[in-house]
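Below is structure-v8.txt, which holds compact mmCIF, C-alpha atoms.
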# COMPACT_ATOMS: atom_id res chain seq x y z
CA MET A 1 12.45 20.45 4.62
CA SER A 2 10.70 17.85 2.51
CA ALA A 3 11.37 17.77 -1.21
CA PRO A 4 8.86 19.70 -3.32
CA ARG A 5 6.42 17.85 -5.51
CA ARG A 6 5.94 19.05 -9.07
CA SER A 7 2.85 18.87 -11.18
CA PRO A 8 2.90 16.80 -14.38
CA GLU A 9 1.22 19.53 -16.42
CA ALA A 10 2.68 20.78 -19.65
CA ILE A 11 5.26 23.54 -19.40
CA ALA A 12 3.81 27.00 -19.95
CA ALA A 13 5.01 29.16 -22.80
CA PRO A 14 7.10 32.28 -22.10
CA GLY A 15 5.07 35.38 -21.39
CA PRO A 16 3.83 37.60 -18.60
CA HIS A 17 3.40 35.34 -15.59
CA VAL A 18 1.46 35.44 -12.36
CA LEU A 19 2.06 33.42 -9.22
CA GLY A 20 -0.54 32.08 -6.80
CA VAL A 21 0.46 30.77 -3.38
CA ASP A 22 -1.56 28.86 -0.78
CA SER A 23 -0.02 28.42 2.67
CA GLY A 24 -1.86 26.12 5.05
CA GLY A 25 -1.52 23.40 7.60
CA SER A 26 -0.39 20.82 5.06
CA GLY A 27 2.35 22.94 3.51
CA LEU A 28 2.91 25.47 0.76
CA ARG A 29 1.42 25.16 -2.72
CA ILE A 30 2.67 27.39 -5.56
CA ALA A 31 1.09 27.77 -9.01
CA LEU A 32 2.54 29.64 -11.99
CA GLY A 33 0.38 30.65 -14.92
CA THR A 34 0.24 33.27 -17.62
CA ALA A 35 -1.47 36.55 -16.88
CA ASP A 36 -4.09 35.96 -19.56
CA GLY A 37 -4.79 32.39 -18.46
CA ALA A 38 -4.10 31.09 -21.94
CA GLU A 39 -1.36 28.61 -21.01
CA PRO A 40 -1.32 25.62 -18.66
CA VAL A 41 -0.62 26.12 -14.98
CA VAL A 42 2.46 24.48 -13.45
CA THR A 43 2.67 23.82 -9.73
CA GLU A 44 4.97 22.77 -6.93
CA VAL A 45 4.16 21.64 -3.41
CA CYS A 46 6.41 22.09 -0.38
CA GLU A 47 5.06 19.76 2.27
CA THR A 48 6.54 21.53 5.29
CA PRO A 49 4.01 23.98 6.79
CA VAL A 50 5.25 27.54 7.26
CA ARG A 51 6.20 28.10 10.88
CA THR A 52 4.23 30.35 13.21
CA GLY A 53 6.10 32.01 16.08
CA PRO A 54 5.65 34.80 18.62
CA ALA A 55 5.62 37.37 15.80
CA GLY A 56 3.03 35.45 13.80
CA ILE A 57 3.55 33.64 10.50
CA ASP A 58 7.30 33.45 9.82
CA ALA A 59 7.99 35.47 6.67
CA GLY A 60 11.57 34.19 6.39
CA HIS A 61 10.46 30.57 6.47
CA LEU A 62 7.81 31.21 3.83
CA LEU A 63 10.39 32.86 1.56
CA GLU A 64 12.87 30.00 2.07
CA GLN A 65 10.34 27.69 0.44
CA LEU A 66 8.62 30.04 -1.99
CA LEU A 67 11.57 31.65 -3.78
CA PRO A 68 13.40 28.48 -4.90
CA ALA A 69 10.12 26.91 -6.00
CA ALA A 70 9.12 30.06 -7.93
CA ARG A 71 12.49 30.15 -9.72
CA ARG A 72 12.17 26.49 -10.71
CA LEU A 73 8.70 27.12 -12.09
CA LEU A 74 9.92 30.15 -14.03
CA GLU A 75 12.80 28.15 -15.51
CA ARG A 76 10.37 25.46 -16.62
CA SER A 77 8.22 28.16 -18.23
CA GLY A 78 11.10 29.61 -20.22
CA ALA A 79 11.94 32.62 -18.02
CA GLY A 80 15.38 31.31 -17.15
CA ASP A 81 16.59 34.41 -15.30
CA GLY A 82 14.15 33.68 -12.46
CA ARG A 83 12.39 37.01 -12.85
CA GLY A 84 9.44 38.19 -14.86
CA VAL A 85 6.53 37.68 -12.46
CA ASP A 86 3.93 40.32 -13.17
CA ALA A 87 1.78 39.77 -10.06
CA VAL A 88 1.72 37.52 -7.00
CA ALA A 89 -1.17 36.65 -4.67
CA ILE A 90 -0.39 34.89 -1.40
CA GLY A 91 -3.18 33.36 0.64
CA ALA A 92 -2.34 32.09 4.10
CA ALA A 93 -4.20 30.43 6.92
CA GLY A 94 -4.01 32.87 9.83
CA MET A 95 -3.21 35.88 7.63
CA ALA A 96 -5.95 37.97 9.23
CA THR A 97 -4.69 37.58 12.79
CA LEU A 98 -1.07 36.38 12.41
CA GLY A 99 0.05 38.05 9.18
CA ASP A 100 1.73 41.24 10.41
CA GLN A 101 5.24 39.99 9.59
CA LEU A 102 4.15 38.87 6.13
CA ARG A 103 2.61 42.27 5.41
CA ALA A 104 5.74 44.02 6.67
CA GLU A 105 8.41 41.96 4.90
CA LEU A 106 7.05 40.26 1.80
CA PRO A 107 6.53 43.26 -0.52
CA ALA A 108 10.19 44.37 -0.48
CA ALA A 109 11.54 40.80 -0.42
CA LEU A 110 9.55 39.70 -3.46
CA GLU A 111 10.44 42.84 -5.36
CA ARG A 112 14.15 42.23 -4.71
CA ALA A 113 14.05 38.53 -5.54
CA LEU A 114 11.56 38.33 -8.42
CA GLY A 115 10.98 41.91 -9.51
CA VAL A 116 7.37 41.74 -8.30
CA GLN A 117 5.58 45.09 -8.51
CA ARG A 118 2.03 43.89 -7.82
CA LEU A 119 1.33 41.85 -4.71
CA ALA A 120 -1.85 40.82 -2.91
CA LEU A 121 -1.81 39.34 0.60
CA ALA A 122 -5.01 37.52 1.49
CA ALA A 123 -6.57 35.45 4.22
CA ASP A 124 -7.21 31.89 3.11
CA ALA A 125 -10.95 32.54 3.41
CA VAL A 126 -10.59 35.20 0.71
CA THR A 127 -8.67 32.90 -1.65
CA ALA A 128 -11.29 30.22 -0.97
CA TYR A 129 -13.94 32.79 -1.93
CA ALA A 130 -12.09 33.73 -5.12
CA GLY A 131 -11.64 30.08 -6.05
CA ALA A 132 -15.27 29.21 -5.41
CA VAL A 133 -17.21 32.33 -6.43
CA GLY A 134 -14.77 34.46 -8.42
CA GLN A 135 -15.14 38.24 -8.47
CA ARG A 136 -18.93 38.26 -8.16
CA PRO A 137 -21.10 39.14 -5.16
CA GLY A 138 -21.81 36.11 -3.07
CA ALA A 139 -20.71 34.09 -0.09
CA VAL A 140 -18.56 31.10 0.71
CA VAL A 141 -18.69 28.71 3.64
CA ALA A 142 -15.33 26.98 4.04
CA ALA A 143 -15.66 24.01 6.38
CA GLY A 144 -13.25 21.30 7.44
CA THR A 145 -11.99 20.89 10.97
CA GLY A 146 -13.20 24.46 11.56
CA LEU A 147 -15.70 26.68 9.79
CA ILE A 148 -15.73 30.23 8.48
CA ALA A 149 -18.17 32.12 6.26
CA LEU A 150 -17.23 35.12 4.13
CA GLY A 151 -19.40 37.23 1.89
CA THR A 152 -19.21 40.40 -0.13
CA ASP A 153 -21.35 42.70 -2.23
CA LEU A 154 -18.03 43.97 -3.72
CA THR A 155 -18.05 47.05 -1.50
CA GLY A 156 -16.92 45.36 1.72
CA TRP A 157 -16.47 41.98 3.40
CA ARG A 158 -18.68 40.33 5.99
CA ARG A 159 -17.24 37.52 8.09
CA ALA A 160 -18.95 35.03 10.39
CA ASP A 161 -17.30 32.55 12.72
CA GLY A 162 -13.85 31.09 12.15
CA TRP A 163 -13.12 31.72 15.83
CA GLY A 164 -11.66 28.32 16.64
CA HIS A 165 -13.06 25.25 18.34
CA LEU A 166 -13.29 26.85 21.80
CA LEU A 167 -15.15 30.00 20.74
CA GLY A 168 -16.98 28.99 17.58
CA ASP A 169 -16.43 27.04 14.34
CA CYS A 170 -20.02 25.97 14.93
CA GLY A 171 -21.11 23.16 12.63
CA GLY A 172 -17.54 22.36 11.56
CA GLY A 173 -15.81 19.01 11.83
CA ALA A 174 -14.47 19.52 15.36
CA TRP A 175 -17.92 20.74 16.50
CA ILE A 176 -19.64 17.67 15.03
CA GLY A 177 -17.02 15.31 16.43
CA ARG A 178 -17.24 16.81 19.89
CA ALA A 179 -21.04 16.62 19.88
CA GLY A 180 -20.82 12.97 18.84
CA LEU A 181 -18.33 12.15 21.59
CA ASP A 182 -20.51 14.00 24.11
CA ALA A 183 -23.47 11.82 23.12
CA ALA A 184 -21.30 8.72 23.41
CA MET A 185 -20.14 9.66 26.91
CA ARG A 186 -23.74 10.35 27.93
CA ALA A 187 -24.64 6.83 26.87
CA HIS A 188 -21.70 5.47 28.86
CA ASP A 189 -22.90 7.35 31.97
CA GLY A 190 -26.59 6.61 31.47
CA ARG A 191 -27.50 10.29 31.05
CA ARG A 192 -30.22 11.64 28.79
CA GLY A 193 -29.22 12.43 25.21
CA GLY A 194 -26.85 9.51 24.91
CA SER A 195 -26.27 7.36 21.85
CA ALA A 196 -25.35 3.68 22.15
CA ALA A 197 -24.37 3.65 18.48
CA LEU A 198 -21.89 6.52 18.95
CA LEU A 199 -20.56 4.92 22.15
CA SER A 200 -19.83 1.78 20.15
CA ARG A 201 -17.96 3.81 17.54
CA LEU A 202 -16.04 5.73 20.24
CA GLU A 203 -14.81 2.45 21.71
CA ALA A 204 -13.89 1.11 18.26
CA VAL A 205 -11.87 4.22 17.42
CA PHE A 206 -10.40 5.32 20.76
CA GLY A 207 -10.78 2.36 23.12
CA PRO A 208 -12.63 2.26 26.45
CA ALA A 209 -14.66 5.43 27.04
CA PRO A 210 -13.17 6.28 30.47
CA ARG A 211 -9.73 6.54 28.86
CA LEU A 212 -10.81 9.18 26.32
CA PRO A 213 -10.01 12.26 28.47
CA ALA A 214 -6.42 11.10 29.00
CA LEU A 215 -6.06 10.51 25.26
CA LEU A 216 -7.64 13.81 24.21
CA TYR A 217 -6.74 16.54 26.70
CA PRO A 218 -2.91 16.39 26.44
CA ARG A 219 -3.03 16.62 22.63
CA THR A 220 -1.96 19.84 20.94
CA ASP A 221 -4.06 18.88 17.90
CA ARG A 222 -7.35 18.49 19.78
CA PRO A 223 -9.48 20.09 17.04
CA ALA A 224 -8.19 17.56 14.49
CA VAL A 225 -8.78 14.66 16.91
CA LEU A 226 -12.34 15.84 17.55
CA ALA A 227 -12.94 16.27 13.82
CA SER A 228 -11.71 12.74 13.15
CA PHE A 229 -14.90 11.49 14.85
CA ALA A 230 -17.23 13.52 12.61
CA PRO A 231 -17.35 10.83 9.87
CA GLU A 232 -18.46 8.35 12.55
CA VAL A 233 -21.39 10.63 13.37
CA ALA A 234 -22.31 10.78 9.67
CA ALA A 235 -22.04 6.99 9.36
CA CYS A 236 -24.47 6.52 12.27
CA ALA A 237 -26.97 9.18 11.16
CA GLY A 238 -28.97 6.83 8.95
CA HIS A 239 -30.02 4.60 11.87
CA ASP A 240 -29.35 6.65 15.01
CA PRO A 241 -31.64 9.61 15.79
CA VAL A 242 -29.08 11.26 18.08
CA ALA A 243 -26.43 11.30 15.34
CA ALA A 244 -28.99 12.57 12.82
CA GLY A 245 -29.96 15.33 15.25
CA ILE A 246 -26.32 16.40 15.62
CA LEU A 247 -26.04 16.81 11.85
CA ARG A 248 -29.33 18.74 11.69
CA GLU A 249 -28.01 21.11 14.35
CA ALA A 250 -24.69 21.44 12.47
CA ALA A 251 -26.65 22.29 9.31
CA ALA A 252 -28.55 25.01 11.17
CA HIS A 253 -25.26 26.54 12.39
CA ILE A 254 -23.76 26.45 8.89
CA ALA A 255 -26.83 28.12 7.41
CA GLU A 256 -26.74 30.77 10.15
CA ALA A 257 -23.16 31.65 9.20
CA ALA A 258 -24.12 31.84 5.52
CA ALA A 259 -27.12 34.05 6.32
CA ALA A 260 -24.92 36.42 8.32
CA VAL A 261 -22.61 37.14 5.37
CA CYS A 262 -24.70 36.67 2.25
CA PRO A 263 -25.49 39.90 0.37
CA ALA A 264 -29.05 40.70 -0.53
CA ALA A 265 -28.52 39.94 -4.20
CA GLY A 266 -25.96 38.41 -6.50
CA ALA A 267 -24.60 39.60 -9.81
CA ASP A 268 -27.08 41.60 -11.91
CA GLY A 269 -29.64 41.39 -9.13
CA GLY A 270 -30.00 37.63 -9.45
CA PRO A 271 -29.86 35.07 -6.65
CA CYS A 272 -26.80 35.26 -4.42
CA GLU A 273 -24.48 32.27 -4.72
CA VAL A 274 -23.44 30.51 -1.52
CA ALA A 275 -20.53 28.23 -2.33
CA LEU A 276 -19.80 25.31 -0.04
CA THR A 277 -16.13 24.36 0.04
CA GLY A 278 -13.94 22.17 2.18
CA GLY A 279 -13.65 18.57 3.26
CA LEU A 280 -16.63 18.64 5.64
CA PHE A 281 -19.08 18.61 2.74
CA ARG A 282 -17.65 15.33 1.50
CA MET A 283 -19.84 13.74 4.20
CA GLY A 284 -22.54 13.79 1.55
CA ASP A 285 -26.27 13.45 2.13
CA PRO A 286 -26.27 12.94 5.93
CA LEU A 287 -25.14 16.58 6.20
CA LEU A 288 -26.10 18.04 2.82
CA VAL A 289 -29.79 17.07 2.91
CA PRO A 290 -30.52 18.95 6.16
CA LEU A 291 -28.18 21.75 5.09
CA ARG A 292 -30.12 22.37 1.87
CA LYS A 293 -33.32 22.63 3.91
CA GLU A 294 -31.76 25.06 6.36
CA LEU A 295 -30.28 27.23 3.60
CA ALA A 296 -33.67 27.42 1.88
CA ARG A 297 -35.24 28.46 5.17
CA GLN A 298 -32.60 30.88 6.45
CA VAL A 299 -31.16 32.28 3.20
CA PRO A 300 -34.06 32.18 0.73
CA GLN A 301 -32.43 34.78 -1.52
CA ALA A 302 -29.44 32.48 -2.13
CA ARG A 303 -28.60 29.55 -4.36
CA ALA A 304 -26.25 26.95 -2.87
CA VAL A 305 -23.53 25.75 -5.25
CA ALA A 306 -20.55 23.46 -4.94
CA GLY A 307 -17.28 25.36 -4.80
CA SER A 308 -15.68 25.51 -8.26
CA GLY A 309 -12.10 25.95 -7.12
CA ASP A 310 -9.76 25.69 -4.16
CA PRO A 311 -7.69 28.39 -2.41
CA LEU A 312 -4.73 27.91 -4.77
CA ALA A 313 -6.98 28.48 -7.79
CA GLY A 314 -8.37 31.49 -5.95
CA ALA A 315 -4.90 32.93 -5.31
CA LEU A 316 -4.05 32.55 -9.00
CA SER A 317 -7.35 34.25 -9.93
CA ILE A 318 -6.55 37.18 -7.62
CA ALA A 319 -3.07 37.48 -9.14
CA ARG A 320 -4.54 37.58 -12.65
CA GLY A 321 -7.04 40.25 -11.65
CA LEU A 322 -4.23 42.27 -10.11
CA ALA A 323 -2.07 41.95 -13.22
CA ALA A 324 -4.94 43.12 -15.43
CA GLY A 325 -5.83 46.04 -13.15
CA ASP A 326 -9.24 44.42 -12.66
CA LEU A 327 -9.21 43.07 -9.10
CA ARG A 328 -12.75 43.86 -7.98
CA LEU A 329 -12.74 42.12 -4.61
CA PRO A 330 -12.77 44.73 -1.83
CA ARG A 331 -9.54 45.60 -0.05
CA HIS A 332 -9.25 45.15 3.68
CA PRO A 333 -6.31 45.74 6.05
CA THR A 334 -6.11 42.08 7.10
CA LEU A 335 -8.37 40.10 4.75
CA LEU A 336 -7.11 41.40 1.39
CA GLN A 337 -4.31 43.94 1.21
CA VAL A 338 -2.57 45.23 -1.90
CA PRO A 339 0.56 47.04 -0.65
CA GLY A 340 1.02 50.45 -2.20
CA GLU A 341 -2.67 51.03 -2.87
CA GLY A 342 -3.30 52.90 0.36
CA PRO A 343 -5.57 52.09 3.31
CA GLY A 344 -7.93 49.17 2.85
CA GLN A 345 -11.66 49.47 3.01
CA GLY A 346 -14.39 47.16 4.19
CA THR A 347 -15.70 45.56 7.32
CA ASP A 348 -14.64 42.43 9.16
Take the structure I supplied and represent it as C-alpha cells, if you would.
Amino acid sequence: MSAPRRSPEAIAAPGPHVLGVDSGGSGLRIALGTADGAEPVVTEVCETPVRTGPAGIDAGHLLEQLLPAARRLLERSGAGDGRGVDAVAIGAAGMATLGDQLRAELPAALERALGVQRLALAADAVTAYAGAVGQRPGAVVAAGTGLIALGTDLTGWRRADGWGHLLGDCGGGAWIGRAGLDAAMRAHDGRRGGSAALLSRLEAVFGPAPRLPALLYPRTDRPAVLASFAPEVAACAGHDPVAAGILREAAAHIAEAAAAVCPAAGADGGPCEVALTGGLFRMGDPLLVPLRKELARQVPQARAVAGSGDPLAGALSIARGLAAGDLRLPRHPTLLQVPGEGPGQGTD
C-alpha cells in the first residue's frame, strides 16, 4: 500500500467531527471536519484504489485504509482516543451496482472502530451532486472517461446513462475518443466521414493506423485509452469539420442526459441548476460552446453552472447534513442509503 498523503491545512480544533470519504479509481480520499463547518478541514489520501472482487467492492480493503487514516486525522484534531466521529459519509465509484458488501459490513465495523452512529453510503454520482449542487433541487452531469447524469426534486432521484463505454456513457471522454479514432480509420481506408487531421494525430499518438487494433483490444483499460484521444479531437476541432462535428454530437448527448434528469424547477420555483463536473469539461470552448447551445435548446428551464465542489466535498456535506439531522437528499437503496433509517425511497 502506498503511503498516505496529508493535507497542509491547519489542524482543526477539538469538537464534534464528521468524516467524508471518496473512493475512486485513483485511490481513497478522507476528509475530517467539524460538524458545524466552523473549523478547517484536514485530509489524507491513500493512493491505492480499493479492490473490487467477485463480491463487489472489498469492504475489508476499504477499512484497512480508512481506519488508520481516520485515527491519524482525529489525533491531529485533538481527539487522541481515535473516536468521536459524529457522522460519516462514504461515496464510492460502483456503489450502486457493486456496493452490497459495503452496505452489509461497514455500519457495524465503523461503529466498533470509531463509535459511528450515523452513516451514509452513497454512489459517487450522489456525492458529486452534493458537492456541486448541495441539498437543492437540480441536476449534475459528471463526465470524464465516462458520463452519468443525476437529478432530484428532493423527493426521488432520476439517473441517466453511466452504463459504461459499451452500452452508453454517450458524450463522455471514451465516446469522443472512439468517435475520433473511427474518423481517423475512415480516412486511412478512404471511406466517407474520415478526417485526415485526426488520422495524423492517431499516428502521432499510437503509431501506424493498422497497428491500432493490436494495441487497443488486449488492453483491460480500453475506456481510458479511448478517452486519452479525446483531447486530440478537441485540439483539431478549430480547423477540422469532422472533429467539430464529433464535439457537437457529444454536446447533444450530454444535454439529452441532463434533460432526462433535470426537475421542472429549482429551489423556490426558480431555474433548475445543471452543474457540469469532471475532467471532460476542461476541454473548454470546443466542447462548452456547443454544449451551452444544446442545453439552452433541450433544457430551457435550466441554468448551467460550473460544479462548485468535488465528490469529497460532497461526502463531507452529506456527513454534516446527517449530523445535524438535516440531510434532505432523498434516500435510495443503492444511490444513498442511511442504515437504520428503514427502506429507501426514490427511483433509479
Query raised in the report: So what do you get for CA of Cys236 (chain A) versus CA of Pro223 (chain A), distance-wise?
Result: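 So the answer is 20.8 Å.
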Query - Residues near region 330-336 of chain A, cut-off 10 Å, only C-alpha atoms, skip fewer than 4 positions along chain, as JSON, numbers by chain - result: {"A": [89, 90, 91, 94, 95, 96, 97, 98, 99, 100, 103, 120, 121, 122, 123, 124, 125, 126, 127, 135, 152, 153, 154, 155, 156, 157, 159, 318, 341, 342, 343, 344, 345, 346, 347, 348]}
Requested in this report: Find the residues around Pro271 (chain A) up to 12 Å (all atoms listed in the file counted), leave out those fewer than 5 positions away in its own chain, and share them as number ranges by chain.
Outcome: A: 136-139, 262-266, 299-305
**Report entry** Nearest candidate to Ile148 (chain A) (options A:Pro16, A:Gly307, A:Gly270, A:Gly278; using only C-alpha atoms)
**Finding:**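 So, comparing all the options, the nearest one is A:Gly278.
Using all atoms listed in the file, the protein and nucleic acid residues lying at most 10 Å from the point (-18.8, 15.7, 17.9) are Gly171, Gly172, Gly173, Ala174, Trp175, Ile176, Gly177, Arg178, Ala179, Gly180, Leu181, Asp182, Ala183, Ala184, Leu198, Leu226, Ala227, Ser228, Phe229, Ala230, Pro231, Glu232, Val233, Ala243, Ile246, Leu247 and Ala250 of chain A.
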